[in-house]
file start-v7.tsv (TSV, C-alpha atoms)
chain	number	residue	atom	x	y	z
A	1	ASN	CA	100.47	70.68	149.54
A	2	ASN	CA	101.60	73.93	151.12
A	3	GLN	CA	103.17	73.10	154.48
A	4	VAL	CA	104.61	76.58	155.22
A	5	ASN	CA	101.47	78.65	154.51
A	6	GLN	CA	103.16	80.77	151.86
A	7	HIS	CA	100.94	82.32	149.22
A	8	GLN	CA	100.73	80.42	145.96
A	9	TRP	CA	99.66	82.39	142.90
A	10	ILE	CA	97.72	81.32	139.82
A	11	ILE	CA	98.23	83.99	137.18
A	12	LEU	CA	95.96	84.06	134.14
A	13	ASP	CA	96.89	86.53	131.41
A	14	GLY	CA	95.03	87.18	128.19
A	15	ASP	CA	91.66	87.81	126.63
A	16	ILE	CA	88.62	86.24	128.18
A	17	ASP	CA	85.20	85.28	126.87
A	18	ALA	CA	81.85	85.42	128.60
A	19	GLU	CA	81.57	81.68	129.31
A	20	TRP	CA	85.08	81.43	130.71
A	21	ILE	CA	84.81	84.37	133.09
A	22	GLU	CA	81.46	83.17	134.41
A	23	SER	CA	83.01	79.77	135.16
A	24	MET	CA	85.61	81.65	137.22
A	25	ASN	CA	82.82	82.69	139.58
A	26	THR	CA	83.05	79.28	141.31
A	27	VAL	CA	86.70	80.01	142.04
A	28	MET	CA	85.90	83.41	143.45
A	29	ASP	CA	82.88	82.39	145.54
A	30	ASP	CA	82.76	80.21	148.67
A	31	ASN	CA	83.40	76.98	146.69
A	32	LYS	CA	86.90	78.09	145.66
A	33	MET	CA	86.99	75.36	143.01
A	34	LEU	CA	88.72	75.85	139.64
A	35	THR	CA	87.21	73.66	136.92
A	36	LEU	CA	89.40	73.23	133.83
A	37	ALA	CA	88.16	72.57	130.29
A	38	SER	CA	89.03	68.89	130.83
A	39	ASN	CA	86.57	68.93	133.78
A	40	GLU	CA	89.46	68.50	136.19
A	41	ARG	CA	88.61	70.31	139.41
A	42	ILE	CA	91.31	72.07	141.40
A	43	PRO	CA	90.37	73.24	144.88
A	44	LEU	CA	92.00	76.47	145.96
A	45	THR	CA	93.36	76.45	149.47
A	46	GLY	CA	93.36	79.39	151.85
A	47	THR	CA	96.91	80.29	150.81
A	48	MET	CA	96.22	80.30	147.06
A	49	ARG	CA	95.60	83.56	145.23
A	50	LEU	CA	94.24	84.17	141.75
A	51	LEU	CA	95.38	87.03	139.53
A	52	LEU	CA	93.64	87.83	136.24
A	53	GLU	CA	95.45	90.23	133.94
A	54	ILE	CA	93.00	91.29	131.25
A	55	ASN	CA	92.64	94.09	128.72
A	56	HIS	CA	88.97	94.77	129.33
A	57	MET	CA	86.00	93.72	131.40
A	58	ILE	CA	83.40	93.64	128.64
A	59	HIS	CA	82.27	90.10	129.44
A	60	CYS	CA	82.35	90.41	133.23
A	61	SER	CA	79.03	90.46	134.99
A	62	PRO	CA	78.45	92.59	138.08
A	63	ALA	CA	78.66	89.35	140.10
A	64	THR	CA	82.13	88.64	138.75
A	65	VAL	CA	83.34	92.17	139.37
A	66	SER	CA	81.98	92.18	142.92
A	67	ARG	CA	83.84	88.96	143.80
A	68	GLY	CA	87.27	90.37	143.11
A	69	GLY	CA	89.25	93.52	143.54
A	70	VAL	CA	89.89	95.55	140.41
A	71	ILE	CA	93.05	97.51	139.83
A	72	PHE	CA	93.12	99.66	136.73
A	73	VAL	CA	96.58	100.57	135.50
A	74	ASN	CA	96.74	103.19	132.79
A	75	THR	CA	100.02	102.60	130.97
A	76	GLU	CA	100.18	106.21	129.84
A	77	ASP	CA	100.22	107.36	133.47
A	78	ILE	CA	102.97	104.96	134.49
A	79	GLY	CA	105.08	104.86	131.34
A	80	TRP	CA	107.93	102.52	130.55
A	81	ALA	CA	110.49	103.81	133.09
A	82	PRO	CA	109.41	101.77	136.17
A	83	VAL	CA	109.65	98.51	134.21
A	84	VAL	CA	113.07	99.39	132.85
A	85	ASP	CA	114.30	100.62	136.25
A	86	SER	CA	113.17	97.37	137.86
A	87	TRP	CA	114.93	95.33	135.18
A	88	ILE	CA	118.14	97.34	135.51
A	89	ASN	CA	118.09	96.98	139.32
A	90	SER	CA	117.66	93.20	138.99
A	91	LEU	CA	120.83	92.77	136.93
A	92	GLU	CA	123.56	90.80	138.65
A	93	ASP	CA	126.39	92.62	136.89
A	94	LYS	CA	126.11	96.17	138.26
A	95	GLN	CA	128.95	97.60	136.16
A	96	TYR	CA	126.54	98.30	133.26
A	97	VAL	CA	123.85	99.99	135.36
A	98	PRO	CA	125.02	103.62	134.80
A	99	LEU	CA	125.43	103.03	131.06
A	100	LEU	CA	122.00	101.40	130.72
A	101	ILE	CA	120.32	104.23	132.65
A	102	GLU	CA	121.96	106.77	130.37
A	103	LEU	CA	121.12	104.90	127.14
A	104	PHE	CA	117.49	104.23	128.07
A	105	GLY	CA	117.10	107.86	129.16
A	106	ARG	CA	118.62	109.16	125.95
A	107	TYR	CA	117.09	106.82	123.36
A	108	MET	CA	113.96	105.04	124.61
A	109	ASP	CA	111.42	107.84	124.15
A	110	LYS	CA	112.90	108.72	120.73
A	111	SER	CA	112.81	105.07	119.66
A	112	LEU	CA	109.24	104.57	120.81
A	113	GLU	CA	108.17	107.72	118.97
A	114	HIS	CA	109.97	106.53	115.83
A	115	VAL	CA	108.15	103.19	115.99
A	116	ARG	CA	104.81	104.94	116.54
A	117	ARG	CA	105.26	107.24	113.55
A	118	ASN	CA	106.95	104.94	111.05
A	119	PHE	CA	105.74	101.41	111.61
A	120	LYS	CA	102.39	99.66	111.54
A	121	LEU	CA	102.25	97.12	114.34
A	122	LEU	CA	100.41	93.89	113.55
A	123	THR	CA	99.60	93.52	117.23
A	124	PRO	CA	99.09	96.78	119.10
A	125	LEU	CA	101.61	97.13	121.92
A	126	VAL	CA	101.66	99.78	124.58
A	127	GLN	CA	104.99	101.42	125.24
A	128	VAL	CA	105.61	99.50	128.45
A	129	ASN	CA	105.40	96.21	126.51
A	130	GLN	CA	107.81	97.52	123.90
A	131	ALA	CA	110.24	98.52	126.66
A	132	GLN	CA	109.91	95.06	128.25
A	133	THR	CA	110.77	93.51	124.90
A	134	VAL	CA	113.91	95.64	124.66
A	135	CYS	CA	114.92	94.51	128.15
A	136	LYS	CA	114.39	90.85	127.27
A	137	ILE	CA	116.46	91.21	124.12
A	138	LEU	CA	119.30	92.76	126.10
call {"tool": "encode", "arguments": {"input": "start-v7.tsv", "output": "structure tokens"}}
result
Amino acid sequence: NNQVNQHQWIILDGDIDAEWIESMNTVMDDNKMLTLASNERIPLTGTMRLLLEINHMIHCSPATVSRGGVIFVNTEDIGWAPVVDSWINSLEDKQYVPLLIELFGRYMDKSLEHVRRNFKLLTPLVQVNQAQTVCKIL
């Protein structure tokens, strides 16, 4: 129960299939009802928002696409730097910020290129995901 009218977010990340995305239409239409695989029904209130982060829209019908806004983010256009900069700026201990900026600037592109040329990834990862992994390790 949201007493202060703040937005609440449901974030769904991953691959989708045709049946699943079509069942999302009831969430995105006037019913605003999320039905889970267990048949549990969750009504979305006016303050709830739904975010789908997907790799492709192969299984989305025109009806599904028209019910939501679509933002396409090309990782090659953005690159890894904004993610790393955001992570560095969120650090509580600011004494390492200059060093981290220098090290990422000096070694990240070279490291990503080395991985691209010399390793076969079992799961394809774009550079921004690889940079996020480095940040999480640190």
call {"tool": "residues_around", "arguments": {"input": "start-v7.tsv", "residues": "Lys32 of chain A", "least_positions_apart": "3", "cutoff": "8 Å", "atoms": "only C-alpha atoms", "output": "list in words"}}
result
Thr26, Val27, Met28, Asp29, Pro43, Leu44 and Thr45 of chain A
call {"tool": "closest_residue", "arguments": {"input": "start-v7.tsv", "among": "A:Leu125, A:Leu138, A:Ala63, A:Met24", "to": "Trp87 of chain A", "atoms": "all atoms listed in the file"}}
result
A:Leu138
call {"tool": "residues_around", "arguments": {"input": "start-v7.tsv", "residues": "Ile78 of chain A", "least_positions_apart": "6", "cutoff": "12 Å", "atoms": "all atoms listed in the file", "output": "list in words"}}
result
Phe72, Val84, Val126, Gln127 and Val128 of chain A
call {"tool": "residues_around", "arguments": {"input": "start-v7.tsv", "residues": "His7 of chain A", "least_positions_apart": "6", "cutoff": "12 Å", "atoms": "all atoms listed in the file", "output": "list in words"}}
result
Asn1, Leu44, Thr45, Gly46, Thr47, Met48, Arg49 and Leu50 of chain A
call {"tool": "write_last_selection", "arguments": {"input": "start-v7.tsv", "atoms": "C-alpha atoms", "output": "mmCIF file, in the coordinates of the input"}}
result
data_model
loop_
_atom_site.group_PDB
_atom_site.id
_atom_site.type_symbol
_atom_site.label_atom_id
_atom_site.label_comp_id
_atom_site.auth_asym_id
_atom_site.auth_seq_id
_atom_site.Cartn_x
_atom_site.Cartn_y
_atom_site.Cartn_z
ATOM 1 C CA ASN A 1 100.470 70.680 149.540
ATOM 2 C CA LEU A 44 92.000 76.470 145.960
ATOM 3 C CA THR A 45 93.360 76.450 149.470
ATOM 4 C CA GLY A 46 93.360 79.390 151.850
ATOM 5 C CA THR A 47 96.910 80.290 150.810
ATOM 6 C CA MET A 48 96.220 80.300 147.060
ATOM 7 C CA ARG A 49 95.600 83.560 145.230
ATOM 8 C CA LEU A 50 94.240 84.170 141.750
#
call {"tool": "residues_around", "arguments": {"input": "start-v7.tsv", "residues": "Thr64 of chain A", "least_positions_apart": "3", "cutoff": "10 Å", "atoms": "all atoms listed in the file", "output": "number ranges by chain"}}
result
A: 21-26, 28-29, 57, 59-61, 67-69
call {"tool": "atom_distance", "arguments": {"input": "start-v7.tsv", "atom1": "atom CA of Met108 of chain A", "atom2": "atom CA of Val134 of chain A"}}
result
9.4 Å
call {"tool": "closest_residue", "arguments": {"input": "start-v7.tsv", "among": "A:Thr35, A:Ile58, A:Glu113, A:Leu51", "to": "Ala18 of chain A", "atoms": "only C-alpha atoms"}}
result
A:Ile58
call {"tool": "atom_distance", "arguments": {"input": "start-v7.tsv", "atom1": "atom CA of Asn55 of chain A", "atom2": "atom CA of Gln132 of chain A"}}
result
17.3 Å
call {"tool": "closest_residue", "arguments": {"input": "start-v7.tsv", "among": "A:Leu100, A:Ile71, A:Leu122, A:Leu112", "to": "Asp85 of chain A", "atoms": "all atoms listed in the file"}}
result
A:Leu100
call {"tool": "residues_around", "arguments": {"input": "start-v7.tsv", "residues": "Ile101 of chain A", "least_positions_apart": "2", "cutoff": "10 Å", "atoms": "all atoms listed in the file", "output": "PyMOL selection string"}}
result
chain A and resi 81+84-85+88+96-99+103-106
call {"tool": "decode", "arguments": {"input": "start-v7.tsv", "residues": "segment 31-61 of chain A", "atoms": "N, CA, C and O atoms", "output": "compact mmCIF listing (two decimals), in the first residue's frame"}}
result
# COMPACT_ATOMS: atom_id res chain seq x y z
N ASN A 31 -6.73 -2.77 -17.85
CA ASN A 31 -6.89 -3.65 -16.68
C ASN A 31 -5.78 -3.47 -15.65
O ASN A 31 -6.01 -3.61 -14.46
N LYS A 32 -4.57 -3.23 -16.13
CA LYS A 32 -3.40 -3.07 -15.26
C LYS A 32 -3.31 -4.18 -14.22
O LYS A 32 -3.16 -3.94 -13.02
N MET A 33 -3.40 -5.43 -14.71
CA MET A 33 -3.39 -6.59 -13.83
C MET A 33 -2.26 -7.53 -14.27
O MET A 33 -2.24 -7.98 -15.42
N LEU A 34 -1.31 -7.80 -13.38
CA LEU A 34 -0.21 -8.71 -13.66
C LEU A 34 -0.61 -10.09 -13.17
O LEU A 34 -0.91 -10.28 -11.99
N THR A 35 -0.64 -11.07 -14.08
CA THR A 35 -0.98 -12.44 -13.72
C THR A 35 0.29 -13.27 -13.77
O THR A 35 0.93 -13.39 -14.82
N LEU A 36 0.67 -13.86 -12.63
CA LEU A 36 1.88 -14.66 -12.54
C LEU A 36 1.61 -16.08 -13.01
O LEU A 36 0.46 -16.48 -13.19
N ALA A 37 2.66 -16.87 -13.19
CA ALA A 37 2.52 -18.25 -13.64
C ALA A 37 1.69 -19.07 -12.65
O ALA A 37 1.01 -20.02 -13.03
N SER A 38 1.71 -18.70 -11.39
CA SER A 38 0.93 -19.38 -10.35
C SER A 38 -0.55 -18.96 -10.38
O SER A 38 -1.31 -19.36 -9.52
N ASN A 39 -0.91 -18.13 -11.34
CA ASN A 39 -2.26 -17.55 -11.48
C ASN A 39 -2.57 -16.50 -10.41
O ASN A 39 -3.70 -16.07 -10.28
N GLU A 40 -1.57 -16.10 -9.65
CA GLU A 40 -1.75 -15.00 -8.71
C GLU A 40 -1.88 -13.73 -9.53
O GLU A 40 -1.12 -13.50 -10.47
N ARG A 41 -2.81 -12.89 -9.17
CA ARG A 41 -3.05 -11.65 -9.91
C ARG A 41 -2.64 -10.47 -9.04
O ARG A 41 -3.09 -10.35 -7.91
N ILE A 42 -1.80 -9.62 -9.60
CA ILE A 42 -1.32 -8.44 -8.89
C ILE A 42 -1.82 -7.21 -9.62
O ILE A 42 -1.41 -6.95 -10.75
N PRO A 43 -2.69 -6.44 -8.99
CA PRO A 43 -3.15 -5.21 -9.65
C PRO A 43 -2.08 -4.13 -9.53
O PRO A 43 -1.47 -3.95 -8.48
N LEU A 44 -1.84 -3.42 -10.61
CA LEU A 44 -0.91 -2.30 -10.58
C LEU A 44 -1.69 -1.04 -10.24
O LEU A 44 -2.73 -0.77 -10.83
N THR A 45 -1.17 -0.29 -9.30
CA THR A 45 -1.81 0.96 -8.92
C THR A 45 -1.32 2.07 -9.83
O THR A 45 -0.41 1.88 -10.65
N GLY A 46 -1.89 3.24 -9.67
CA GLY A 46 -1.51 4.38 -10.49
C GLY A 46 -0.07 4.82 -10.29
O GLY A 46 0.50 5.49 -11.15
N THR A 47 0.53 4.46 -9.16
CA THR A 47 1.91 4.86 -8.90
C THR A 47 2.93 3.81 -9.31
O THR A 47 4.12 4.04 -9.22
N MET A 48 2.46 2.65 -9.75
CA MET A 48 3.38 1.57 -10.14
C MET A 48 3.78 1.72 -11.60
O MET A 48 2.97 2.09 -12.45
N ARG A 49 5.04 1.42 -11.87
CA ARG A 49 5.59 1.49 -13.21
C ARG A 49 6.25 0.16 -13.55
O ARG A 49 6.79 -0.51 -12.68
N LEU A 50 6.22 -0.20 -14.80
CA LEU A 50 6.78 -1.46 -15.27
C LEU A 50 7.90 -1.16 -16.26
O LEU A 50 7.72 -0.37 -17.19
N LEU A 51 9.05 -1.78 -16.06
CA LEU A 51 10.18 -1.61 -16.95
C LEU A 51 10.62 -2.98 -17.43
O LEU A 51 10.91 -3.87 -16.62
N LEU A 52 10.64 -3.17 -18.75
CA LEU A 52 11.11 -4.41 -19.35
C LEU A 52 12.44 -4.12 -20.03
O LEU A 52 12.52 -3.28 -20.91
N GLU A 53 13.48 -4.82 -19.61
CA GLU A 53 14.78 -4.68 -20.25
C GLU A 53 15.03 -5.96 -21.04
O GLU A 53 15.24 -7.02 -20.47
N ILE A 54 14.96 -5.84 -22.36
CA ILE A 54 15.05 -7.02 -23.22
C ILE A 54 16.08 -6.81 -24.31
O ILE A 54 16.45 -5.68 -24.62
N ASN A 55 16.55 -7.91 -24.87
CA ASN A 55 17.56 -7.85 -25.93
C ASN A 55 16.96 -7.61 -27.30
O ASN A 55 17.62 -7.08 -28.19
N HIS A 56 15.73 -8.05 -27.49
CA HIS A 56 15.10 -7.95 -28.81
C HIS A 56 13.59 -7.90 -28.63
O HIS A 56 13.07 -8.15 -27.55
N MET A 57 12.92 -7.58 -29.71
CA MET A 57 11.46 -7.50 -29.69
C MET A 57 10.85 -8.44 -30.72
O MET A 57 9.78 -8.19 -31.25
N ILE A 58 11.51 -9.56 -30.96
CA ILE A 58 11.07 -10.50 -31.97
C ILE A 58 9.65 -10.99 -31.71
O ILE A 58 8.84 -11.13 -32.62
N HIS A 59 9.33 -11.28 -30.45
CA HIS A 59 8.04 -11.86 -30.11
C HIS A 59 6.96 -10.84 -29.78
O HIS A 59 5.84 -11.20 -29.45
N CYS A 60 7.29 -9.57 -29.85
CA CYS A 60 6.31 -8.54 -29.51
C CYS A 60 5.40 -8.25 -30.69
O CYS A 60 5.86 -8.00 -31.80
N SER A 61 4.12 -8.25 -30.42
CA SER A 61 3.16 -7.89 -31.46
C SER A 61 3.07 -6.38 -31.55
O SER A 61 3.49 -5.67 -30.63
